[in-house]
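Shown next: protein13.pdb, given as PDB, C-alpha atoms.
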ATOM      1  CA  MET A 264     -31.496 -25.611  -2.604
ATOM      2  CA  SER A 265     -31.960 -22.893  -0.030
ATOM      3  CA  SER A 266     -33.106 -19.364   0.594
ATOM      4  CA  HIS A 267     -29.735 -18.773   2.297
ATOM      5  CA  LEU A 268     -27.188 -18.170  -0.443
ATOM      6  CA  ASN A 269     -24.931 -15.347   0.758
ATOM      7  CA  PRO A 270     -22.093 -16.855   2.836
ATOM      8  CA  SER A 271     -20.960 -13.391   3.902
ATOM      9  CA  LEU A 272     -24.265 -12.863   5.707
ATOM     10  CA  SER A 273     -25.387 -16.305   6.790
ATOM     11  CA  GLY A 274     -23.807 -19.316   8.438
ATOM     12  CA  VAL A 275     -26.440 -21.523   6.808
ATOM     13  CA  ALA A 276     -25.461 -20.122   3.412
ATOM     14  CA  LYS A 277     -21.809 -20.864   4.095
ATOM     15  CA  PHE A 278     -22.750 -24.404   5.173
ATOM     16  CA  ASN A 279     -24.739 -24.812   1.954
ATOM     17  CA  GLN A 280     -21.850 -23.547  -0.150
ATOM     18  CA  ILE A 281     -19.335 -25.938   1.411
ATOM     19  CA  LEU A 282     -21.744 -28.890   1.354
ATOM     20  CA  ALA A 283     -22.594 -28.324  -2.307
ATOM     21  CA  MET A 284     -18.911 -28.118  -3.182
ATOM     22  CA  LYS A 285     -18.107 -31.359  -1.349
ATOM     23  CA  LEU A 286     -21.092 -33.127  -2.932
ATOM     24  CA  ASP A 287     -20.090 -31.688  -6.313
ATOM     25  CA  VAL A 288     -23.566 -30.306  -6.975
ATOM     26  CA  PRO A 289     -24.816 -26.760  -7.647
ATOM     27  CA  CYS A 290     -26.215 -24.618  -4.843
ATOM     28  CA  LEU A 291     -29.411 -22.943  -6.032
ATOM     29  CA  SER A 292     -32.143 -20.729  -4.687
ATOM     30  CA  VAL A 293     -35.370 -22.414  -3.623
ATOM     31  CA  PHE A 294     -37.061 -19.907  -5.897
ATOM     32  CA  ASP A 295     -35.380 -21.484  -8.925
ATOM     33  CA  ILE A 296     -37.253 -24.758  -8.441
ATOM     34  CA  GLN A 297     -39.080 -24.438 -11.741
ATOM     35  CA  SER A 298     -35.723 -24.726 -13.538
ATOM     36  CA  ILE A 299     -35.198 -28.207 -12.022
ATOM     37  CA  ASP A 300     -36.106 -31.195 -14.193
ATOM     38  CA  LYS A 301     -34.778 -34.062 -12.084
ATOM     39  CA  GLY A 302     -33.897 -34.967  -8.519
ATOM     40  CA  PRO A 303     -33.245 -35.734  -5.860
ATOM     41  CA  ILE A 304     -32.966 -32.243  -4.397
ATOM     42  CA  LEU A 305     -31.682 -31.356  -0.948
ATOM     43  CA  PHE A 306     -33.436 -28.449   0.749
ATOM     44  CA  SER A 307     -31.169 -26.915   3.415
ATOM     45  CA  LEU A 308     -33.377 -24.463   5.270
ATOM     46  CA  LYS A 309     -34.299 -22.309   8.193
ATOM     47  CA  VAL A 310     -37.979 -21.978   7.371
ATOM     48  CA  ARG A 311     -38.439 -19.400  10.120
ATOM     49  CA  ASP A 312     -36.318 -16.959   8.084
ATOM     50  CA  LEU A 313     -38.786 -16.903   5.185
ATOM     51  CA  ASN A 314     -41.361 -14.119   5.092
ATOM     52  CA  ASP A 315     -45.022 -14.791   4.359
ATOM     53  CA  SER A 316     -44.804 -14.187   0.611
ATOM     54  CA  GLU A 317     -41.736 -16.434   0.347
ATOM     55  CA  CYS A 318     -43.554 -19.172   2.245
ATOM     56  CA  LEU A 319     -46.488 -18.967  -0.162
ATOM     57  CA  LEU A 320     -44.151 -19.093  -3.148
ATOM     58  CA  LEU A 321     -42.221 -22.087  -1.828
ATOM     59  CA  SER A 322     -45.488 -23.884  -1.077
ATOM     60  CA  LYS A 323     -46.532 -23.311  -4.676
ATOM     61  CA  TYR A 324     -43.212 -24.649  -5.945
ATOM     62  CA  LEU A 325     -43.559 -27.774  -3.806
ATOM     63  CA  ASN A 326     -46.691 -28.593  -5.759
ATOM     64  CA  PHE A 327     -44.579 -28.270  -8.898
ATOM     65  CA  LEU A 328     -42.097 -30.866  -7.576
ATOM     66  CA  VAL A 329     -44.857 -33.259  -6.556
ATOM     67  CA  ALA A 330     -46.537 -32.945  -9.945
ATOM     68  CA  LYS A 331     -43.225 -33.696 -11.673
ATOM     69  CA  ASN A 332     -42.443 -36.616  -9.320
ATOM     70  CA  ILE A 333     -39.132 -34.988  -8.394
ATOM     71  CA  GLU A 334     -37.822 -36.399  -5.110
ATOM     72  CA  TYR A 335     -36.292 -34.202  -2.427
ATOM     73  CA  ASP A 336     -34.622 -34.491   0.977
ATOM     74  CA  LEU A 337     -34.543 -31.980   3.815
ATOM     75  CA  PHE A 338     -31.812 -30.614   6.051
ATOM     76  CA  PHE A 339     -33.457 -28.665   8.875
ATOM     77  CA  HIS A 340     -31.264 -26.131  10.674
ATOM     78  CA  THR A 341     -34.224 -25.249  12.903
ATOM     79  CA  PHE A 342     -37.656 -26.758  13.428
ATOM     80  CA  ASP A 343     -40.522 -24.694  14.836
ATOM     81  CA  GLY A 344     -43.574 -26.733  13.898
ATOM     82  CA  LEU A 345     -44.531 -24.269  11.170
ATOM     83  CA  ASP A 346     -47.157 -25.153   8.578
ATOM     84  CA  LEU A 347     -44.627 -24.955   5.754
ATOM     85  CA  GLU A 348     -42.254 -27.252   7.633
ATOM     86  CA  TYR A 349     -44.951 -29.917   7.872
ATOM     87  CA  GLU A 350     -45.812 -29.360   4.223
ATOM     88  CA  LEU A 351     -42.170 -29.932   3.311
ATOM     89  CA  LEU A 352     -42.079 -33.063   5.477
ATOM     90  CA  LYS A 353     -45.163 -34.523   3.837
ATOM     91  CA  TYR A 354     -43.533 -35.303   0.493
ATOM     92  CA  SER A 355     -39.879 -35.543   1.582
ATOM     93  CA  ARG A 356     -37.747 -38.638   1.189
ATOM     94  CA  ILE A 357     -35.062 -38.295   3.921
ATOM     95  CA  ILE A 358     -34.825 -35.702   6.700
ATOM     96  CA  TYR A 359     -31.487 -34.635   8.170
ATOM     97  CA  SER A 360     -31.678 -32.851  11.521
ATOM     98  CA  GLY A 361     -29.003 -30.291  12.283
ATOM     99  CA  ASN A 362     -28.958 -31.101  15.985
ATOM    100  CA  LEU A 363     -30.407 -33.460  18.568
ATOM    101  CA  GLU A 364     -33.202 -31.084  19.588
ATOM    102  CA  ILE A 365     -34.494 -31.015  16.014
ATOM    103  CA  TYR A 366     -34.144 -34.791  15.772
ATOM    104  CA  SER A 367     -36.177 -35.185  18.952
ATOM    105  CA  ALA A 368     -38.932 -32.936  17.586
ATOM    106  CA  LEU A 369     -39.109 -34.958  14.378
ATOM    107  CA  LYS A 370     -38.706 -38.521  15.634
ATOM    108  CA  GLY A 371     -42.462 -39.144  15.831
ATOM    109  CA  ILE A 372     -42.846 -38.483  12.106
ATOM    110  CA  ASN A 373     -43.182 -41.524   9.892
ATOM    111  CA  LYS A 374     -40.148 -40.695   7.769
ATOM    112  CA  LYS A 375     -36.489 -41.650   7.622
ATOM    113  CA  ILE A 376     -34.782 -39.187   9.949
ATOM    114  CA  ILE A 377     -31.006 -38.928  10.291
ATOM    115  CA  SER A 378     -29.386 -37.140  13.212
ATOM    116  CA  ALA A 379     -26.714 -34.915  11.667
ATOM    117  CA  TRP A 380     -24.604 -31.858  12.517
ATOM    118  CA  CYS A 381     -22.996 -28.817  10.920
ATOM    119  CA  PRO A 382     -19.182 -29.090  10.832
ATOM    120  CA  ALA A 383     -16.883 -26.129  11.392
ATOM    121  CA  LEU A 384     -17.297 -23.478   8.707
ATOM    122  CA  ILE A 385     -13.855 -22.043   9.404
ATOM    123  CA  THR A 386     -10.888 -24.358   9.057
ATOM    124  CA  GLY A 387      -7.237 -24.062   9.983
ATOM    125  CA  ASP A 388      -6.574 -22.873   6.444
ATOM    126  CA  HIS A 389      -8.274 -19.567   7.262
ATOM    127  CA  ILE A 390      -5.423 -17.696   8.920
ATOM    128  CA  VAL A 391      -4.206 -14.171   8.414
ATOM    129  CA  ARG A 392      -1.129 -14.442   6.228
ATOM    130  CA  GLU A 393       1.770 -12.038   6.569
ATOM    131  CA  THR A 394       4.543 -11.276   4.115
ATOM    132  CA  SER A 395       7.413  -8.831   3.841
ATOM    133  CA  LEU A 396       4.900  -6.227   2.662
ATOM    134  CA  ASN A 397       1.488  -6.240   4.376
ATOM    135  CA  LEU A 398      -1.077  -4.033   2.658
ATOM    136  CA  PHE A 399      -4.305  -3.061   4.395
ATOM    137  CA  SER A 400      -7.406  -1.350   3.047
ATOM    138  CA  PHE A 401     -10.679  -0.452   4.735
ATOM    139  CA  GLY A 402     -13.588   1.783   3.852
ATOM    140  CA  MET A 403     -16.995   1.885   2.221
ATOM    141  CA  ALA A 404     -17.421  -1.045  -0.172
ATOM    142  CA  HIS A 405     -19.099   1.024  -2.897
ATOM    143  CA  LYS A 406     -16.246   3.556  -2.850
ATOM    144  CA  LEU A 407     -13.382   1.162  -3.561
ATOM    145  CA  GLN A 408     -11.707   2.271  -6.786
ATOM    146  CA  LEU A 409     -10.863  -0.895  -8.690
ATOM    147  CA  LYS A 410      -8.838   0.768 -11.444
ATOM    148  CA  TYR A 411      -6.222   1.955  -8.954
ATOM    149  CA  TYR A 412      -6.079  -1.445  -7.265
ATOM    150  CA  LYS A 413      -5.351  -2.957 -10.673
ATOM    151  CA  ILE A 414      -2.537  -0.444 -11.262
ATOM    152  CA  LEU A 415      -1.093  -1.328  -7.863
ATOM    153  CA  GLN A 416      -1.345  -5.067  -8.529
ATOM    154  CA  ASN A 417       0.430  -4.698 -11.866
ATOM    155  CA  PHE A 418       3.209  -2.684 -10.236
ATOM    156  CA  LEU A 419       3.750  -5.211  -7.444
ATOM    157  CA  GLU A 420       3.756  -8.148  -9.836
ATOM    158  CA  ASN A 421       6.033  -6.437 -12.377
ATOM    159  CA  TYR A 422       8.657  -5.840  -9.710
ATOM    160  CA  ASN A 423       8.184  -9.294  -8.167
ATOM    161  CA  ILE A 424       7.271  -7.891  -4.746
ATOM    162  CA  ASP A 425       5.971 -10.379  -2.176
ATOM    163  CA  TYR A 426       2.842  -8.987  -0.541
ATOM    164  CA  VAL A 427      -0.566  -9.710   0.936
ATOM    165  CA  LEU A 428      -3.593  -7.406   0.839
ATOM    166  CA  TRP A 429      -5.979  -7.379   3.793
ATOM    167  CA  VAL A 430      -9.379  -5.815   3.082
ATOM    168  CA  SER A 431     -12.052  -4.760   5.547
ATOM    169  CA  THR A 432     -15.168  -3.056   4.269
ATOM    170  CA  ALA A 433     -17.830  -0.888   5.842
ATOM    171  CA  PHE A 434     -21.206   0.144   4.449
ATOM    172  CA  HIS A 435     -22.772   3.463   3.706
ATOM    173  CA  GLU A 436     -26.282   3.655   5.181
ATOM    174  CA  LYS A 437     -27.746   3.861   1.669
ATOM    175  CA  ALA A 438     -25.568   1.112   0.203
ATOM    176  CA  ASN A 439     -26.406  -2.575   0.189
ATOM    177  CA  PHE A 440     -24.581  -5.849   0.562
ATOM    178  CA  GLY A 441     -24.584  -6.327  -3.175
ATOM    179  CA  ASP A 442     -21.927  -3.631  -3.309
ATOM    180  CA  PHE A 443     -19.632  -5.803  -1.203
ATOM    181  CA  ASP A 444     -20.328  -8.947  -3.216
ATOM    182  CA  SER A 445     -19.573  -7.197  -6.491
ATOM    183  CA  VAL A 446     -16.439  -5.428  -5.309
ATOM    184  CA  SER A 447     -15.024  -8.418  -3.409
ATOM    185  CA  ASN A 448     -15.446 -10.650  -6.464
ATOM    186  CA  GLN A 449     -13.645  -8.140  -8.650
ATOM    187  CA  LEU A 450     -10.852  -7.629  -6.132
ATOM    188  CA  SER A 451     -10.427 -11.394  -5.910
ATOM    189  CA  LYS A 452     -10.000 -11.550  -9.679
ATOM    190  CA  ILE A 453      -7.334  -8.848  -9.500
ATOM    191  CA  PHE A 454      -5.303 -10.134  -6.544
ATOM    192  CA  GLY A 455      -6.059 -13.851  -6.494
ATOM    193  CA  PHE A 456      -4.520 -15.750  -3.568
ATOM    194  CA  ARG A 457      -2.824 -12.604  -2.260
ATOM    195  CA  ILE A 458      -6.048 -11.023  -0.986
ATOM    196  CA  GLN A 459      -7.746 -11.773   2.336
ATOM    197  CA  PHE A 460     -11.104 -10.346   3.399
ATOM    198  CA  LEU A 461     -11.274  -9.541   7.095
ATOM    199  CA  GLY A 462     -14.972  -8.685   7.275
ATOM    200  CA  PHE A 463     -16.220  -5.812   9.399
ATOM    201  CA  LEU A 464     -13.679  -4.812  12.002
ATOM    202  CA  SER A 465     -14.103  -2.831  15.195
ATOM    203  CA  ASP A 466     -11.997   0.293  15.673
ATOM    204  CA  ASP A 467      -9.692  -1.681  17.971
ATOM    205  CA  ALA A 468      -9.246  -4.376  15.320
ATOM    206  CA  ILE A 469      -8.531  -1.780  12.630
ATOM    207  CA  ASN A 470      -5.818  -0.254  14.799
ATOM    208  CA  TYR A 471      -4.382  -3.729  15.353
ATOM    209  CA  PHE A 472      -4.042  -4.345  11.621
ATOM    210  CA  LEU A 473      -2.740  -0.839  10.957
ATOM    211  CA  ASP A 474       0.041  -1.558  13.448
ATOM    212  CA  LYS A 475       0.945  -4.716  11.494
ATOM    213  CA  THR A 476       0.731  -2.978   8.121
ATOM    214  CA  GLN A 477       3.595  -1.521   6.123
ATOM    215  CA  LEU A 478       1.344   0.227   3.598
ATOM    216  CA  PHE A 479      -2.258   1.388   3.890
ATOM    217  CA  VAL A 480      -4.164   1.428   0.587
ATOM    218  CA  ALA A 481      -6.888   4.029   0.018
ATOM    219  CA  PHE A 482      -7.950   5.215  -3.419
ATOM    220  CA  PHE A 483     -10.695   7.709  -4.217
ATOM    221  CA  GLU A 484     -12.827   8.519  -7.243
ATOM    222  CA  LYS A 485     -11.127  11.879  -7.867
ATOM    223  CA  GLY A 486      -8.452  12.166  -5.218
ATOM    224  CA  VAL A 487      -7.920  12.143  -1.466
ATOM    225  CA  ARG A 488      -9.893  14.870   0.323
ATOM    226  CA  ALA A 489      -9.670  16.512   3.720
ATOM    227  CA  ASN A 490     -12.783  14.600   4.833
ATOM    228  CA  ASN A 491     -11.537  11.117   3.826
ATOM    229  CA  THR A 492     -11.189   9.990   7.422
ATOM    230  CA  SER A 493      -9.683   6.567   6.689
ATOM    231  CA  ILE A 494      -6.517   8.321   5.497
ATOM    232  CA  PHE A 495      -6.171  10.241   8.753
ATOM    233  CA  ALA A 496      -6.808   7.099  10.810
ATOM    234  CA  ALA A 497      -3.831   5.404   9.153
ATOM    235  CA  MET A 498      -1.673   8.502   9.513
ATOM    236  CA  ASN A 499      -2.439   8.667  13.227
ATOM    237  CA  ARG A 500      -0.967   5.154  13.580
ATOM    238  CA  GLY A 501       2.203   6.146  11.732
ATOM    239  CA  CYS A 502       1.298   3.933   8.787
ATOM    240  CA  ALA A 503       2.563   4.731   5.286
ATOM    241  CA  ILE A 504      -0.237   5.334   2.763
ATOM    242  CA  ILE A 505      -0.657   4.884  -0.952
ATOM    243  CA  THR A 506      -3.463   6.940  -2.462
ATOM    244  CA  ASN A 507      -4.241   9.256  -5.380
ATOM    245  CA  ILE A 508      -3.722  13.012  -5.139
ATOM    246  CA  ASP A 509      -5.300  15.807  -7.172
ATOM    247  CA  GLU A 510      -5.636  19.597  -7.044
ATOM    248  CA  TYR A 511      -8.264  19.427  -4.272
ATOM    249  CA  SER A 512      -6.267  17.182  -1.960
ATOM    250  CA  PRO A 513      -4.961  18.886   1.206
ATOM    251  CA  SER A 514      -1.893  20.921   0.250
ATOM    252  CA  TRP A 515       0.142  19.384   3.056
ATOM    253  CA  ILE A 516      -0.344  15.851   1.701
ATOM    254  CA  LYS A 517       2.648  15.266  -0.577
ATOM    255  CA  HIS A 518       3.991  12.317  -2.503
ATOM    256  CA  SER A 519       7.161  10.772  -1.098
ATOM    257  CA  VAL A 520       6.931  13.035   1.965
ATOM    258  CA  ASN A 521       3.968  11.746   3.995
ATOM    259  CA  VAL A 522       2.105   9.584   1.433
ATOM    260  CA  LEU A 523       2.702   7.794  -1.855
ATOM    261  CA  ASP A 524       0.770   8.749  -4.993
ATOM    262  CA  ILE A 525      -0.078   5.643  -7.051
ATOM    263  CA  ARG A 526       0.654   7.526 -10.274
ATOM    264  CA  LEU A 527       4.178   8.480  -9.159
ATOM    265  CA  LEU A 528       5.120   5.209  -7.510
ATOM    266  CA  LYS A 529       8.663   3.852  -7.931
ATOM    267  CA  PRO A 530      10.143   0.563  -6.678
ATOM    268  CA  GLU A 531      12.398   2.310  -4.143
ATOM    269  CA  ASN A 532       9.276   3.843  -2.544
ATOM    270  CA  LEU A 533       8.316   0.388  -1.235
ATOM    271  CA  LYS A 534      11.498  -0.293   0.687
ATOM    272  CA  LEU A 535      10.554  -0.873   4.299
ATOM    273  CA  ASP A 536      12.845   1.798   5.749
ATOM    274  CA  PHE A 537      11.363   4.367   3.361
ATOM    275  CA  LEU A 538       7.801   3.362   4.233
ATOM    276  CA  LYS A 539       8.591   3.681   7.919
ATOM    277  CA  LYS A 540      10.049   7.142   7.313
ATOM    278  CA  ILE A 541       7.011   8.544   5.506
ATOM    279  CA  GLY A 542       4.682   6.852   8.015
ATOM    280  CA  LEU A 543       6.332   8.727  10.879
ATOM    281  CA  GLN A 544       6.150  11.976   8.893
ATOM    282  CA  ALA A 545       2.463  11.291   8.202
ATOM    283  CA  LYS A 546       1.803  10.897  11.938
ATOM    284  CA  ASN A 547       3.455  14.226  12.694
ATOM    285  CA  ASP A 548       1.713  16.041   9.853
ATOM    286  CA  VAL A 549      -1.823  14.776  10.533
ATOM    287  CA  GLN A 550      -1.537  15.906  14.144
ATOM    288  CA  ARG A 551      -0.289  19.278  12.952
ATOM    289  CA  TYR A 552      -2.815  19.924  10.189
ATOM    290  CA  ALA A 553      -5.892  17.721  10.708
ATOM    291  CA  SER A 554      -6.393  16.984  14.402
ATOM    292  CA  TRP A 555      -9.608  17.360  16.372
ATOM    293  CA  ASP A 556      -8.030  20.211  18.298
ATOM    294  CA  LYS A 557      -7.319  22.071  15.070
ATOM    295  CA  LEU A 558     -10.908  21.586  13.929
ATOM    296  CA  ILE A 559     -12.329  22.841  17.220
ATOM    297  CA  GLU A 560     -10.254  25.985  16.804
ATOM    298  CA  LEU A 561     -12.273  26.764  13.668
ATOM    299  CA  PHE A 562     -15.431  26.912  15.731
ATOM    300  CA  SER A 563     -13.774  29.352  18.136
ATOM    301  CA  VAL A 564     -13.207  31.984  15.465
ATOM    302  CA  ILE A 565     -15.602  34.909  15.851
TER
END
Do you think you could lay out the structure here as structure tokens?
Amino acid sequence: MSSHLNPSLSGVAKFNQILAMKLDVPCLSVFDIQSIDKGPILFSLKVRDLNDSECLLLSKYLNFLVAKNIEYDLFFHTFDGLDLEYELLKYSRIIYSGNLEIYSALKGINKKIISAWCPALITGDHIVRETSLNLFSFGMAHKLQLKYYKILQNFLENYNIDYVLWVSTAFHEKANFGDFDSVSNQLSKIFGFRIQFLGFLSDDAINYFLDKTQLFVAFFEKGVRANNTSIFAAMNRGCAIITNIDEYSPSWIKHSVNVLDIRLLKPENLKLDFLKKIGLQAKNDVQRYASWDKLIELFSVI
């Protein structure tokens, strides 16, 4: 049990997830304690990360465990001598220290203390795969249009095309991480083993993956617009793009000329020489119609 449950945000949460899987036990929130009817429980915590109200709530729940005679162990990832830490220690069975410094701080306590560690959270299995067709998608998590991704997946599978989809997501300032969790789970269901999440990439890293990509994927709620900057970023790198076009898309963006429209896609459109051709045309056209220089000219008109 822990307050750290989102492995995309927390190393402790990722540790908890892997540990629970290897122990073949569920990984639950510390605030679900009242649903527990037997032990032992392992608390894997950084108590310092809890706010005051969370500390009070956990303290209350500890009384619940004691009253029910439910045993628990502790895995401390930090130890700061906090009141709640000592309260947790009071009724614990076994304490695992995440490092030697923590072990040293705890060794005077009259409890069974085991000096432990946190193994690597990233293994050699986590490598960026490449295939004959590398797809790449980045943008705001809450804007990813799942219905078009499903259409694309069906097309690729129907024509037995070998591919991998790399996904990097950003966040709108008013969005939250729940958007990423929800979308990533749904994308995983659609693409299975063929999808890889690259996290949040710097501009340099995005350019690196665009250069290794045969097809950039960017779908929009209604259609690509002149202010969908991810499209222009890919075009500037000479990367072929698959998107969705409507009446309000820039008139110079055309299917099978400088982009691919998901609704008009044909198998021959995904041949590598064709993708390279429209990628080069996209690079020329974006510089001609949608460059910074062209925009600045608008502000020079009197």
Please, which residues in stretch 336-377 of chain A fall within 12 Å of stretch 320-329 of chain A when counting all atoms listed in the file, and what is the closest atom pair and distance in Å to one decimal for each, ordered by chain then residue number, as a Markdown table?
| residue | atom | partner | partner_atom | distance |
| --- | --- | --- | --- | --- |
| A:Asp336 | CA | A:Leu328 | CA | 11.9 |
| A:Asp346 | CA | A:Ser322 | CA | 9.9 |
| A:Leu347 | CA | A:Ser322 | CA | 7.0 |
| A:Glu348 | CA | A:Ser322 | CA | 9.9 |
| A:Tyr349 | CA | A:Ser322 | CA | 10.8 |
| A:Glu350 | CA | A:Ser322 | CA | 7.6 |
| A:Leu351 | CA | A:Leu325 | CA | 7.6 |
| A:Leu352 | CA | A:Leu325 | CA | 10.8 |
| A:Lys353 | CA | A:Leu325 | CA | 10.3 |
| A:Tyr354 | CA | A:Val329 | CA | 7.5 |
| A:Ser355 | CA | A:Val329 | CA | 9.8 |
| A:Arg356 | CA | A:Val329 | CA | 11.8 |
Given all atoms listed in the file as the basis, pick out the residue of A:Arg488, A:Lys410, A:Lys370, A:Lys375 nearest to A:Leu450.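 Smallest distance to A:Leu450 is found for A:Lys410.
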What separation in Å, quoted to one decimal, exists between atom CA of A:Asp315 and atom CA of A:Phe339?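 Distance reported for this atom pair: 18.6 Å.
The list of residues with at least one atom within 7 Å of A:Ala481, based on only C-alpha atoms and without residues fewer than 3 positions apart in the same chain, reads Ser400, Ile494, Ile505 and Thr506 of chain A.
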Pick from A:Asp287, A:Ala330, A:Ser298, A:Phe338, whichever lies nearest to A:Val310 using only C-alpha atoms: A:Phe338
9 Å contact set for stretch 382-386 of chain A, all atoms listed in the file, chain neighbours under 5 positions out, as a ChimeraX atom specification: /A:274,277-278,281
When the PyMOL selection byres ((chain A and resi 526-528) around 10) is applied to the file above, which residues end up in the set, as an NGL selection string? :A and (411 or 414-415 or 418 or 505-508 or 518-519 or 523-525 or 529-533)
Kindly give the distance, in Å, that separates atom CA of A:Val275 and atom CA of A:Ser378, rounded to a single decimal.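 It comes out at 17.1 Å.
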Provide an axis-aligned box for all listed atoms of stretch 537-544 of chain A, padding each side by 6 Å; report its centre and its edge lengths in Å to one decimal, as AutoDock Vina command-line options.
--center_x 8.0 --center_y 7.7 --center_z 7.1 --size_x 18.7 --size_y 20.6 --size_z 19.5
Give as a PDB file with C-alpha atoms, in the frame of the given file the residues that the PyMOL selection byres ((chain A and resi 409) around 12) matches when applied to the coordinates above.
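Output saved as part23.pdb:
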ATOM      1  CA  ALA A 404     -17.421  -1.045  -0.172  1.00  0.00           C
ATOM      2  CA  HIS A 405     -19.099   1.024  -2.897  1.00  0.00           C
ATOM      3  CA  LYS A 406     -16.246   3.556  -2.850  1.00  0.00           C
ATOM      4  CA  LEU A 407     -13.382   1.162  -3.561  1.00  0.00           C
ATOM      5  CA  GLN A 408     -11.707   2.271  -6.786  1.00  0.00           C
ATOM      6  CA  LYS A 410      -8.838   0.768 -11.444  1.00  0.00           C
ATOM      7  CA  TYR A 411      -6.222   1.955  -8.954  1.00  0.00           C
ATOM      8  CA  TYR A 412      -6.079  -1.445  -7.265  1.00  0.00           C
ATOM      9  CA  LYS A 413      -5.351  -2.957 -10.673  1.00  0.00           C
ATOM     10  CA  ILE A 414      -2.537  -0.444 -11.262  1.00  0.00           C
ATOM     11  CA  LEU A 415      -1.093  -1.328  -7.863  1.00  0.00           C
ATOM     12  CA  GLN A 416      -1.345  -5.067  -8.529  1.00  0.00           C
ATOM     13  CA  SER A 445     -19.573  -7.197  -6.491  1.00  0.00           C
ATOM     14  CA  VAL A 446     -16.439  -5.428  -5.309  1.00  0.00           C
ATOM     15  CA  SER A 447     -15.024  -8.418  -3.409  1.00  0.00           C
ATOM     16  CA  ASN A 448     -15.446 -10.650  -6.464  1.00  0.00           C
ATOM     17  CA  GLN A 449     -13.645  -8.140  -8.650  1.00  0.00           C
ATOM     18  CA  LEU A 450     -10.852  -7.629  -6.132  1.00  0.00           C
ATOM     19  CA  SER A 451     -10.427 -11.394  -5.910  1.00  0.00           C
ATOM     20  CA  LYS A 452     -10.000 -11.550  -9.679  1.00  0.00           C
ATOM     21  CA  ILE A 453      -7.334  -8.848  -9.500  1.00  0.00           C
ATOM     22  CA  PHE A 454      -5.303 -10.134  -6.544  1.00  0.00           C
ATOM     23  CA  VAL A 480      -4.164   1.428   0.587  1.00  0.00           C
ATOM     24  CA  ALA A 481      -6.888   4.029   0.018  1.00  0.00           C
ATOM     25  CA  PHE A 482      -7.950   5.215  -3.419  1.00  0.00           C
ATOM     26  CA  PHE A 483     -10.695   7.709  -4.217  1.00  0.00           C
ATOM     27  CA  GLU A 484     -12.827   8.519  -7.243  1.00  0.00           C
TER      28      GLU A 484
END
Given the file above and the PyMOL selection byres ((chain A and resi 362-365) around 8), which residues are selected, and can you give them as a PDB file with C-alpha atoms, in the coordinates of the input?
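So selection09.pdb came out as:
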ATOM      1  CA  PHE A 339     -33.457 -28.665   8.875  1.00  0.00           C
ATOM      2  CA  HIS A 340     -31.264 -26.131  10.674  1.00  0.00           C
ATOM      3  CA  THR A 341     -34.224 -25.249  12.903  1.00  0.00           C
ATOM      4  CA  PHE A 342     -37.656 -26.758  13.428  1.00  0.00           C
ATOM      5  CA  SER A 360     -31.678 -32.851  11.521  1.00  0.00           C
ATOM      6  CA  GLY A 361     -29.003 -30.291  12.283  1.00  0.00           C
ATOM      7  CA  TYR A 366     -34.144 -34.791  15.772  1.00  0.00           C
ATOM      8  CA  SER A 367     -36.177 -35.185  18.952  1.00  0.00           C
ATOM      9  CA  ALA A 368     -38.932 -32.936  17.586  1.00  0.00           C
ATOM     10  CA  LEU A 369     -39.109 -34.958  14.378  1.00  0.00           C
ATOM     11  CA  SER A 378     -29.386 -37.140  13.212  1.00  0.00           C
ATOM     12  CA  ALA A 379     -26.714 -34.915  11.667  1.00  0.00           C
ATOM     13  CA  TRP A 380     -24.604 -31.858  12.517  1.00  0.00           C
TER      14      TRP A 380
END
